[in-house]
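One file, my_file23.txt, is given below (compact mmCIF, N, CA and C atoms and all ligand atoms).
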# COMPACT_ATOMS: atom_id res chain seq x y z
N MET K 1 -3.91 14.49 9.77
CA MET K 1 -2.99 13.74 8.90
C MET K 1 -3.31 14.06 7.44
N GLU K 2 -2.27 13.99 6.63
CA GLU K 2 -2.45 14.26 5.19
C GLU K 2 -1.79 13.14 4.39
N LEU K 3 -2.56 12.55 3.50
CA LEU K 3 -2.03 11.45 2.69
C LEU K 3 -1.76 11.98 1.28
N ILE K 4 -0.49 11.93 0.91
CA ILE K 4 -0.14 12.37 -0.45
C ILE K 4 -0.34 11.16 -1.37
N SER K 5 -1.11 11.39 -2.43
CA SER K 5 -1.68 10.27 -3.18
C SER K 5 -1.62 10.47 -4.70
N PHE K 6 -1.91 9.39 -5.38
CA PHE K 6 -2.06 9.39 -6.83
C PHE K 6 -3.27 8.51 -7.11
N ASP K 7 -4.17 8.99 -7.98
CA ASP K 7 -5.48 8.34 -8.03
C ASP K 7 -5.50 6.90 -8.53
N LEU K 8 -4.44 6.44 -9.19
CA LEU K 8 -4.45 5.06 -9.68
C LEU K 8 -3.70 4.09 -8.76
N CYS K 9 -3.23 4.58 -7.63
CA CYS K 9 -2.27 3.79 -6.86
C CYS K 9 -2.93 2.84 -5.85
N PRO K 10 -2.74 1.53 -6.00
CA PRO K 10 -3.35 0.59 -5.04
C PRO K 10 -2.71 0.68 -3.66
N PHE K 11 -1.45 1.13 -3.58
CA PHE K 11 -0.80 1.26 -2.28
C PHE K 11 -1.43 2.41 -1.49
N VAL K 12 -1.79 3.48 -2.21
CA VAL K 12 -2.53 4.58 -1.58
C VAL K 12 -3.85 4.04 -1.04
N GLN K 13 -4.51 3.22 -1.85
CA GLN K 13 -5.83 2.73 -1.45
C GLN K 13 -5.76 1.89 -0.18
N ARG K 14 -4.69 1.13 -0.02
CA ARG K 14 -4.67 0.33 1.20
C ARG K 14 -4.45 1.19 2.44
N SER K 15 -3.76 2.32 2.27
CA SER K 15 -3.66 3.24 3.41
C SER K 15 -4.99 3.97 3.63
N VAL K 16 -5.67 4.34 2.56
CA VAL K 16 -6.98 4.99 2.70
C VAL K 16 -7.95 4.03 3.43
N ILE K 17 -7.91 2.76 3.05
CA ILE K 17 -8.79 1.77 3.70
C ILE K 17 -8.50 1.71 5.20
N THR K 18 -7.22 1.71 5.55
CA THR K 18 -6.87 1.66 6.98
C THR K 18 -7.31 2.93 7.70
N LEU K 19 -7.06 4.09 7.08
CA LEU K 19 -7.47 5.36 7.71
C LEU K 19 -8.99 5.39 7.92
N LEU K 20 -9.73 4.91 6.93
CA LEU K 20 -11.19 4.90 7.07
C LEU K 20 -11.64 3.89 8.13
N GLU K 21 -11.04 2.70 8.09
CA GLU K 21 -11.41 1.66 9.05
C GLU K 21 -11.15 2.13 10.48
N LYS K 22 -10.02 2.85 10.67
CA LYS K 22 -9.66 3.30 12.01
C LYS K 22 -10.29 4.66 12.35
N LYS K 23 -11.10 5.17 11.44
CA LYS K 23 -11.79 6.46 11.63
C LYS K 23 -10.80 7.57 12.02
N ALA K 24 -9.66 7.55 11.38
CA ALA K 24 -8.65 8.59 11.62
C ALA K 24 -8.96 9.78 10.73
N PRO K 25 -8.96 10.99 11.29
CA PRO K 25 -9.20 12.16 10.43
C PRO K 25 -8.02 12.39 9.49
N PHE K 26 -8.33 12.55 8.21
CA PHE K 26 -7.23 12.78 7.26
C PHE K 26 -7.76 13.50 6.03
N LYS K 27 -6.85 14.16 5.35
CA LYS K 27 -7.20 14.70 4.04
C LYS K 27 -6.26 14.09 3.00
N VAL K 28 -6.74 14.07 1.77
CA VAL K 28 -5.95 13.49 0.69
C VAL K 28 -5.50 14.61 -0.24
N THR K 29 -4.23 14.59 -0.58
CA THR K 29 -3.70 15.53 -1.58
C THR K 29 -3.18 14.71 -2.75
N TYR K 30 -3.77 14.95 -3.92
CA TYR K 30 -3.35 14.19 -5.10
C TYR K 30 -2.22 14.91 -5.82
N ILE K 31 -1.26 14.13 -6.27
CA ILE K 31 -0.23 14.69 -7.14
C ILE K 31 -0.24 13.91 -8.45
N ASP K 32 0.40 14.49 -9.44
CA ASP K 32 0.54 13.81 -10.73
C ASP K 32 1.91 13.15 -10.76
N LEU K 33 1.93 11.82 -10.73
CA LEU K 33 3.22 11.12 -10.70
C LEU K 33 4.02 11.33 -11.99
N ALA K 34 3.32 11.70 -13.07
CA ALA K 34 4.04 11.97 -14.31
C ALA K 34 4.81 13.29 -14.22
N LYS K 35 4.31 14.18 -13.36
CA LYS K 35 4.98 15.47 -13.15
C LYS K 35 5.00 15.76 -11.65
N PRO K 36 5.77 15.00 -10.90
CA PRO K 36 5.73 15.19 -9.44
C PRO K 36 6.24 16.57 -9.03
N PRO K 37 5.52 17.25 -8.13
CA PRO K 37 6.00 18.56 -7.70
C PRO K 37 7.28 18.46 -6.89
N LYS K 38 8.03 19.55 -6.90
CA LYS K 38 9.34 19.58 -6.22
C LYS K 38 9.17 19.28 -4.72
N TRP K 39 8.13 19.85 -4.10
CA TRP K 39 7.96 19.64 -2.66
C TRP K 39 7.77 18.17 -2.34
N PHE K 40 7.12 17.44 -3.28
CA PHE K 40 6.89 16.01 -3.06
C PHE K 40 8.21 15.24 -3.14
N LEU K 41 9.01 15.56 -4.14
CA LEU K 41 10.29 14.86 -4.30
C LEU K 41 11.21 15.13 -3.11
N GLU K 42 11.01 16.28 -2.47
CA GLU K 42 11.84 16.60 -1.31
C GLU K 42 11.44 15.77 -0.07
N ILE K 43 10.19 15.33 -0.01
CA ILE K 43 9.77 14.61 1.20
C ILE K 43 9.63 13.10 0.98
N SER K 44 9.59 12.65 -0.27
CA SER K 44 9.39 11.22 -0.54
C SER K 44 10.71 10.59 -1.00
N PRO K 45 11.37 9.82 -0.13
CA PRO K 45 12.70 9.30 -0.47
C PRO K 45 12.75 8.49 -1.76
N PHE K 46 11.69 7.73 -2.05
CA PHE K 46 11.66 6.93 -3.28
C PHE K 46 10.94 7.66 -4.41
N GLY K 47 10.40 8.84 -4.12
CA GLY K 47 9.58 9.53 -5.12
C GLY K 47 8.26 8.82 -5.35
N LYS K 48 7.83 8.03 -4.34
CA LYS K 48 6.61 7.24 -4.50
C LYS K 48 5.53 7.70 -3.53
N VAL K 49 4.28 7.45 -3.93
CA VAL K 49 3.14 7.62 -3.03
C VAL K 49 2.76 6.22 -2.54
N PRO K 50 2.10 6.09 -1.39
CA PRO K 50 1.66 7.17 -0.53
C PRO K 50 2.77 7.67 0.40
N VAL K 51 2.56 8.93 0.83
CA VAL K 51 3.35 9.51 1.90
C VAL K 51 2.34 10.09 2.88
N LEU K 52 2.58 9.86 4.16
CA LEU K 52 1.66 10.40 5.16
C LEU K 52 2.39 11.48 5.96
N LYS K 53 1.75 12.65 6.03
CA LYS K 53 2.27 13.70 6.92
C LYS K 53 1.49 13.60 8.23
N ALA K 54 2.23 13.44 9.32
CA ALA K 54 1.59 13.34 10.65
C ALA K 54 2.58 13.82 11.69
N GLU K 55 2.06 14.52 12.68
CA GLU K 55 2.89 15.00 13.80
C GLU K 55 4.13 15.73 13.30
N ASP K 56 3.97 16.55 12.27
CA ASP K 56 5.08 17.30 11.68
C ASP K 56 6.21 16.41 11.15
N GLN K 57 5.85 15.17 10.83
CA GLN K 57 6.84 14.24 10.27
C GLN K 57 6.28 13.66 8.98
N VAL K 58 7.16 12.97 8.26
CA VAL K 58 6.73 12.33 7.02
C VAL K 58 6.98 10.82 7.14
N ILE K 59 5.97 10.03 6.81
CA ILE K 59 6.12 8.56 6.81
C ILE K 59 5.89 8.08 5.38
N PHE K 60 6.78 7.23 4.90
CA PHE K 60 6.59 6.65 3.58
C PHE K 60 6.48 5.13 3.71
N GLU K 61 6.04 4.47 2.65
CA GLU K 61 5.76 3.03 2.57
C GLU K 61 4.39 2.73 3.19
N SER K 62 3.49 2.25 2.33
CA SER K 62 2.10 2.06 2.75
C SER K 62 1.93 1.13 3.95
N ALA K 63 2.72 0.05 3.99
CA ALA K 63 2.55 -0.89 5.11
C ALA K 63 3.00 -0.24 6.42
N VAL K 64 4.02 0.61 6.34
CA VAL K 64 4.51 1.31 7.54
C VAL K 64 3.50 2.38 7.95
N ILE K 65 2.98 3.08 6.98
CA ILE K 65 1.92 4.07 7.25
C ILE K 65 0.76 3.37 7.97
N ASN K 66 0.38 2.21 7.46
CA ASN K 66 -0.76 1.51 8.05
C ASN K 66 -0.48 1.08 9.49
N GLU K 67 0.73 0.63 9.76
CA GLU K 67 1.06 0.25 11.15
C GLU K 67 1.02 1.47 12.06
N TYR K 68 1.51 2.59 11.56
CA TYR K 68 1.47 3.82 12.37
C TYR K 68 0.01 4.21 12.66
N VAL K 69 -0.81 4.24 11.62
CA VAL K 69 -2.22 4.62 11.79
C VAL K 69 -2.89 3.67 12.78
N ASP K 70 -2.59 2.38 12.63
CA ASP K 70 -3.18 1.39 13.53
C ASP K 70 -2.76 1.66 14.98
N GLU K 71 -1.50 2.00 15.18
CA GLU K 71 -1.01 2.19 16.56
C GLU K 71 -1.57 3.44 17.22
N VAL K 72 -1.84 4.47 16.44
CA VAL K 72 -2.31 5.72 17.06
C VAL K 72 -3.85 5.79 17.16
N THR K 73 -4.51 4.76 16.68
CA THR K 73 -5.98 4.76 16.75
C THR K 73 -6.47 3.44 17.33
N PRO K 74 -6.30 3.24 18.64
CA PRO K 74 -6.71 1.96 19.24
C PRO K 74 -8.21 1.72 19.09
N PRO K 75 -8.68 0.46 19.16
CA PRO K 75 -7.90 -0.75 19.37
C PRO K 75 -7.17 -1.20 18.11
N ARG K 76 -6.06 -1.91 18.30
CA ARG K 76 -5.23 -2.28 17.17
C ARG K 76 -5.82 -3.40 16.32
N LEU K 77 -5.60 -3.25 15.02
CA LEU K 77 -5.91 -4.35 14.10
C LEU K 77 -4.78 -5.38 14.13
N MET K 78 -3.55 -4.88 14.26
CA MET K 78 -2.38 -5.78 14.27
C MET K 78 -2.39 -6.59 15.56
N PRO K 79 -2.24 -7.92 15.44
CA PRO K 79 -2.25 -8.73 16.66
C PRO K 79 -1.04 -8.45 17.55
N GLU K 80 -1.15 -8.78 18.82
CA GLU K 80 -0.06 -8.54 19.78
C GLU K 80 0.94 -9.70 19.79
N LYS K 81 0.42 -10.92 19.64
CA LYS K 81 1.27 -12.10 19.79
C LYS K 81 2.34 -12.13 18.69
N PRO K 82 3.63 -12.24 19.07
CA PRO K 82 4.70 -12.15 18.07
C PRO K 82 4.54 -13.07 16.87
N ILE K 83 4.17 -14.32 17.09
CA ILE K 83 4.08 -15.25 15.95
C ILE K 83 2.96 -14.83 15.01
N THR K 84 1.84 -14.41 15.58
CA THR K 84 0.70 -14.00 14.74
C THR K 84 1.03 -12.69 14.03
N LYS K 85 1.73 -11.81 14.76
CA LYS K 85 2.11 -10.54 14.14
C LYS K 85 3.08 -10.78 12.97
N ALA K 86 4.02 -11.71 13.18
CA ALA K 86 4.99 -12.01 12.12
C ALA K 86 4.28 -12.57 10.89
N ILE K 87 3.34 -13.47 11.11
CA ILE K 87 2.59 -14.07 9.98
C ILE K 87 1.78 -12.98 9.28
N ASN K 88 1.20 -12.10 10.09
CA ASN K 88 0.42 -11.00 9.53
C ASN K 88 1.29 -10.12 8.62
N ARG K 89 2.49 -9.79 9.13
CA ARG K 89 3.40 -8.94 8.33
C ARG K 89 3.85 -9.65 7.06
N ALA K 90 4.05 -10.98 7.16
CA ALA K 90 4.45 -11.73 5.97
C ALA K 90 3.37 -11.64 4.89
N TRP K 91 2.10 -11.74 5.30
CA TRP K 91 1.01 -11.66 4.32
C TRP K 91 0.84 -10.24 3.78
N ILE K 92 1.18 -9.26 4.61
CA ILE K 92 1.15 -7.87 4.12
C ILE K 92 2.21 -7.72 3.01
N GLU K 93 3.37 -8.32 3.23
CA GLU K 93 4.44 -8.28 2.23
C GLU K 93 4.00 -9.02 0.96
N PHE K 94 3.35 -10.14 1.15
CA PHE K 94 2.81 -10.91 0.02
C PHE K 94 1.85 -10.03 -0.79
N ALA K 95 0.98 -9.32 -0.07
CA ALA K 95 0.02 -8.45 -0.76
C ALA K 95 0.75 -7.33 -1.51
N SER K 96 1.86 -6.85 -0.95
CA SER K 96 2.61 -5.77 -1.62
C SER K 96 3.07 -6.22 -3.01
N GLU K 97 3.56 -7.45 -3.05
CA GLU K 97 4.05 -7.99 -4.33
C GLU K 97 2.90 -8.08 -5.35
N LEU K 98 1.76 -8.58 -4.88
CA LEU K 98 0.62 -8.70 -5.79
C LEU K 98 0.11 -7.34 -6.24
N LEU K 99 0.08 -6.38 -5.29
CA LEU K 99 -0.39 -5.04 -5.64
C LEU K 99 0.51 -4.43 -6.71
N MET K 100 1.82 -4.66 -6.57
CA MET K 100 2.75 -4.08 -7.54
C MET K 100 2.51 -4.66 -8.94
N LEU K 101 2.32 -5.98 -9.01
CA LEU K 101 2.08 -6.59 -10.33
C LEU K 101 0.76 -6.10 -10.92
N GLN K 102 -0.23 -5.97 -10.05
CA GLN K 102 -1.54 -5.49 -10.53
C GLN K 102 -1.42 -4.03 -11.00
N TYR K 103 -0.65 -3.23 -10.26
CA TYR K 103 -0.45 -1.82 -10.66
C TYR K 103 0.29 -1.76 -12.01
N GLN K 104 1.30 -2.62 -12.16
CA GLN K 104 2.04 -2.62 -13.43
C GLN K 104 1.13 -2.99 -14.59
N MET K 105 0.18 -3.90 -14.34
CA MET K 105 -0.79 -4.22 -15.39
C MET K 105 -1.62 -2.99 -15.74
N SER K 106 -2.02 -2.24 -14.70
CA SER K 106 -2.92 -1.10 -14.94
C SER K 106 -2.24 0.06 -15.66
N ILE K 107 -0.89 0.13 -15.56
CA ILE K 107 -0.19 1.24 -16.25
C ILE K 107 0.63 0.76 -17.45
N ALA K 108 0.41 -0.51 -17.86
CA ALA K 108 1.21 -1.07 -18.95
C ALA K 108 1.10 -0.20 -20.21
N ALA K 109 2.24 0.04 -20.81
CA ALA K 109 2.26 0.90 -22.00
C ALA K 109 1.91 0.12 -23.26
N SER K 110 1.98 -1.19 -23.18
CA SER K 110 1.68 -2.00 -24.37
C SER K 110 1.02 -3.31 -23.93
N GLN K 111 0.44 -3.98 -24.91
CA GLN K 111 -0.17 -5.29 -24.64
C GLN K 111 0.89 -6.26 -24.11
N LYS K 112 2.10 -6.15 -24.66
CA LYS K 112 3.19 -7.04 -24.24
C LYS K 112 3.53 -6.81 -22.76
N ASP K 113 3.65 -5.54 -22.36
CA ASP K 113 3.96 -5.23 -20.95
C ASP K 113 2.85 -5.75 -20.04
N TYR K 114 1.61 -5.55 -20.51
CA TYR K 114 0.46 -6.00 -19.72
C TYR K 114 0.53 -7.52 -19.51
N GLU K 115 0.78 -8.23 -20.59
CA GLU K 115 0.79 -9.69 -20.51
C GLU K 115 1.95 -10.20 -19.66
N GLU K 116 3.08 -9.49 -19.72
CA GLU K 116 4.22 -9.90 -18.89
C GLU K 116 3.88 -9.80 -17.40
N SER K 117 3.27 -8.67 -17.02
CA SER K 117 2.89 -8.51 -15.61
C SER K 117 1.82 -9.53 -15.23
N GLU K 118 0.87 -9.73 -16.13
CA GLU K 118 -0.20 -10.68 -15.86
C GLU K 118 0.37 -12.09 -15.67
N ASN K 119 1.31 -12.45 -16.54
CA ASN K 119 1.90 -13.79 -16.42
C ASN K 119 2.69 -13.94 -15.13
N ARG K 120 3.41 -12.88 -14.76
CA ARG K 120 4.16 -12.94 -13.49
C ARG K 120 3.20 -13.12 -12.32
N LEU K 121 2.07 -12.43 -12.42
CA LEU K 121 1.06 -12.54 -11.37
C LEU K 121 0.49 -13.96 -11.31
N ARG K 122 0.18 -14.50 -12.49
CA ARG K 122 -0.41 -15.84 -12.53
C ARG K 122 0.57 -16.92 -12.05
N LEU K 123 1.87 -16.66 -12.26
CA LEU K 123 2.87 -17.67 -11.89
C LEU K 123 3.11 -17.75 -10.39
N LYS K 124 2.68 -16.71 -9.65
CA LYS K 124 2.87 -16.76 -8.20
C LYS K 124 1.96 -17.82 -7.61
N PRO K 125 2.50 -18.59 -6.67
CA PRO K 125 1.60 -19.53 -6.02
C PRO K 125 0.59 -18.79 -5.19
N LYS K 126 -0.59 -19.36 -5.07
CA LYS K 126 -1.64 -18.80 -4.20
C LYS K 126 -2.07 -17.39 -4.58
N THR K 127 -2.05 -17.06 -5.87
CA THR K 127 -2.48 -15.72 -6.22
C THR K 127 -3.93 -15.65 -6.70
N ASN K 128 -4.61 -16.75 -6.68
CA ASN K 128 -6.05 -16.67 -6.91
C ASN K 128 -6.61 -15.69 -5.87
N SER K 129 -7.30 -14.66 -6.34
CA SER K 129 -7.67 -13.57 -5.42
C SER K 129 -8.53 -14.05 -4.26
N VAL K 130 -9.40 -15.03 -4.53
CA VAL K 130 -10.26 -15.52 -3.45
C VAL K 130 -9.39 -16.19 -2.39
N THR K 131 -8.41 -16.97 -2.86
CA THR K 131 -7.50 -17.65 -1.93
C THR K 131 -6.73 -16.62 -1.10
N VAL K 132 -6.24 -15.59 -1.77
CA VAL K 132 -5.46 -14.56 -1.07
C VAL K 132 -6.32 -13.89 0.00
N LEU K 133 -7.52 -13.51 -0.36
CA LEU K 133 -8.39 -12.84 0.61
C LEU K 133 -8.71 -13.76 1.78
N PHE K 134 -8.96 -15.04 1.44
CA PHE K 134 -9.26 -16.00 2.50
C PHE K 134 -8.08 -16.14 3.45
N LEU K 135 -6.90 -16.29 2.89
CA LEU K 135 -5.70 -16.47 3.72
C LEU K 135 -5.45 -15.24 4.57
N MET K 136 -5.56 -14.06 3.98
CA MET K 136 -5.28 -12.84 4.73
C MET K 136 -6.30 -12.67 5.85
N GLU K 137 -7.54 -12.98 5.54
CA GLU K 137 -8.60 -12.87 6.55
C GLU K 137 -8.29 -13.76 7.75
N ASN K 138 -7.83 -14.98 7.45
CA ASN K 138 -7.63 -15.95 8.52
C ASN K 138 -6.30 -15.80 9.25
N ARG K 139 -5.32 -15.18 8.59
CA ARG K 139 -4.02 -15.04 9.21
C ARG K 139 -3.90 -13.74 10.00
N SER K 140 -4.81 -12.80 9.78
CA SER K 140 -4.58 -11.47 10.34
C SER K 140 -5.25 -11.28 11.70
N VAL K 141 -5.78 -12.35 12.26
CA VAL K 141 -6.43 -12.20 13.57
C VAL K 141 -5.48 -12.65 14.68
N1 LIG I 201 6.36 -0.11 -1.57
C1 LIG I 201 5.63 1.12 -1.82
C2 LIG I 201 5.15 1.10 -3.25
C3 LIG I 201 4.47 2.43 -3.62
C4 LIG I 201 4.45 2.61 -5.14
O1 LIG I 201 5.05 1.84 -5.92
N2 LIG I 201 3.78 3.67 -5.57
C5 LIG I 201 3.77 3.99 -6.97
C6 LIG I 201 2.37 4.37 -7.42
S1 LIG I 201 1.22 3.03 -7.15
C7 LIG I 201 4.64 5.21 -7.22
O2 LIG I 201 4.58 6.16 -6.47
N3 LIG I 201 5.44 5.18 -8.30
C8 LIG I 201 6.24 6.29 -8.66
C9 LIG I 201 7.61 5.91 -9.08
O3 LIG I 201 7.95 4.70 -9.01
O4 LIG I 201 8.36 6.80 -9.51
C10 LIG I 201 4.49 1.27 -0.82
O5 LIG I 201 3.98 0.24 -0.36
O6 LIG I 201 4.13 2.40 -0.47

Would you put the structure from the file into structure tokens?
Ligand SMILES: N[C@@H](CCC(=O)N[C@@H](CS)C(=O)NCC(=O)O)C(=O)O
Amino acid sequence: MELISFDLCPFVQRSVITLLEKKAPFKVTYIDLAKPPKWFLEISPFGKVPVLKAEDQVIFESAVINEYVDEVTPPRLMPEKPITKAINRAWIEFASELLMLQYQMSIAASQKDYEESENRLRLKPKTNSVTVLFLMENRSV
């Protein structure tokens, strides 16, 4: 498997964490998002990383990549029971929103942009990082 990546991207990191946790063999190819290569734009529908190349196919969206990696490397991290799986996916979506705001803070072009993202992050309920980690830990089993 090959993970197309950008070194500042938290979404890439969550796929890397899953690949490492599941001991899946993979290599990482970094691209420059400021100057994305043509081959990347041809395979990434949103022009975003991460993209995973596997089985001669391309998978995009980090949460989807993670579910695929989880399914092909048993035993599964994702629970089987529908209600627990649904709750797990909801918290994954919750994390996506937080990761995006955190990423926007890290690439903010000005103090104003940084503060706007930070304020949006602070305004979310339950975004205290300890609370988030605690909830995700307890909901994902
Ligand atoms: N929902 C996507 C978000 C990925 C994302 O936003 N990646 C950023 C880098 S962290 C990106 O590639 N941005 C390029 C762009 O928006 O043109 C996922 O979970 O994979």

Separation of CA of Glu115 in chain K from CA of Glu61 in chain K in Å: 26.8 Å

Residue set, range 41-124 of chain K restricted to strand (DSSP E or B), as an MDAnalysis selection string: chainID K and resid 51:54 57:60

For ligand LIG 201 (chain I), the nearest of the candidates K:Val16, K:Ala24, K:Ile65, K:Ala90, counting only C-alpha atoms and all ligand atoms: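 So, comparing all the options, the nearest one is K:Ile65.
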
Gap from CA of Phe40 in chain K to atom C5 of ligand LIG 201 (chain I) - Å, one decimal: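 Value for the CA of Phe40 in chain K-atom C5 of ligand LIG 201 (chain I) distance: 13.0 Å.
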
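Distance check against Met1 in chain K using all atoms listed in the file: of K:Lys53, K:Lys23, K:Arg122, K:Lys35, the minimum falls on K:Lys53.
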
Point-to-point distance from CA of Val12 in chain K to atom C of Ser110 in chain K, Å rounded to tenths: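 Going from CA of Val12 in chain K over to atom C of Ser110 in chain K, I get 24.0 Å.
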
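With all atoms listed in the file as the atoms that count, the residue of K:Ala34, K:Ile4, K:Ala63, K:Leu20 with the shortest distance to ligand LIG 201 (chain I) is K:Ala63.
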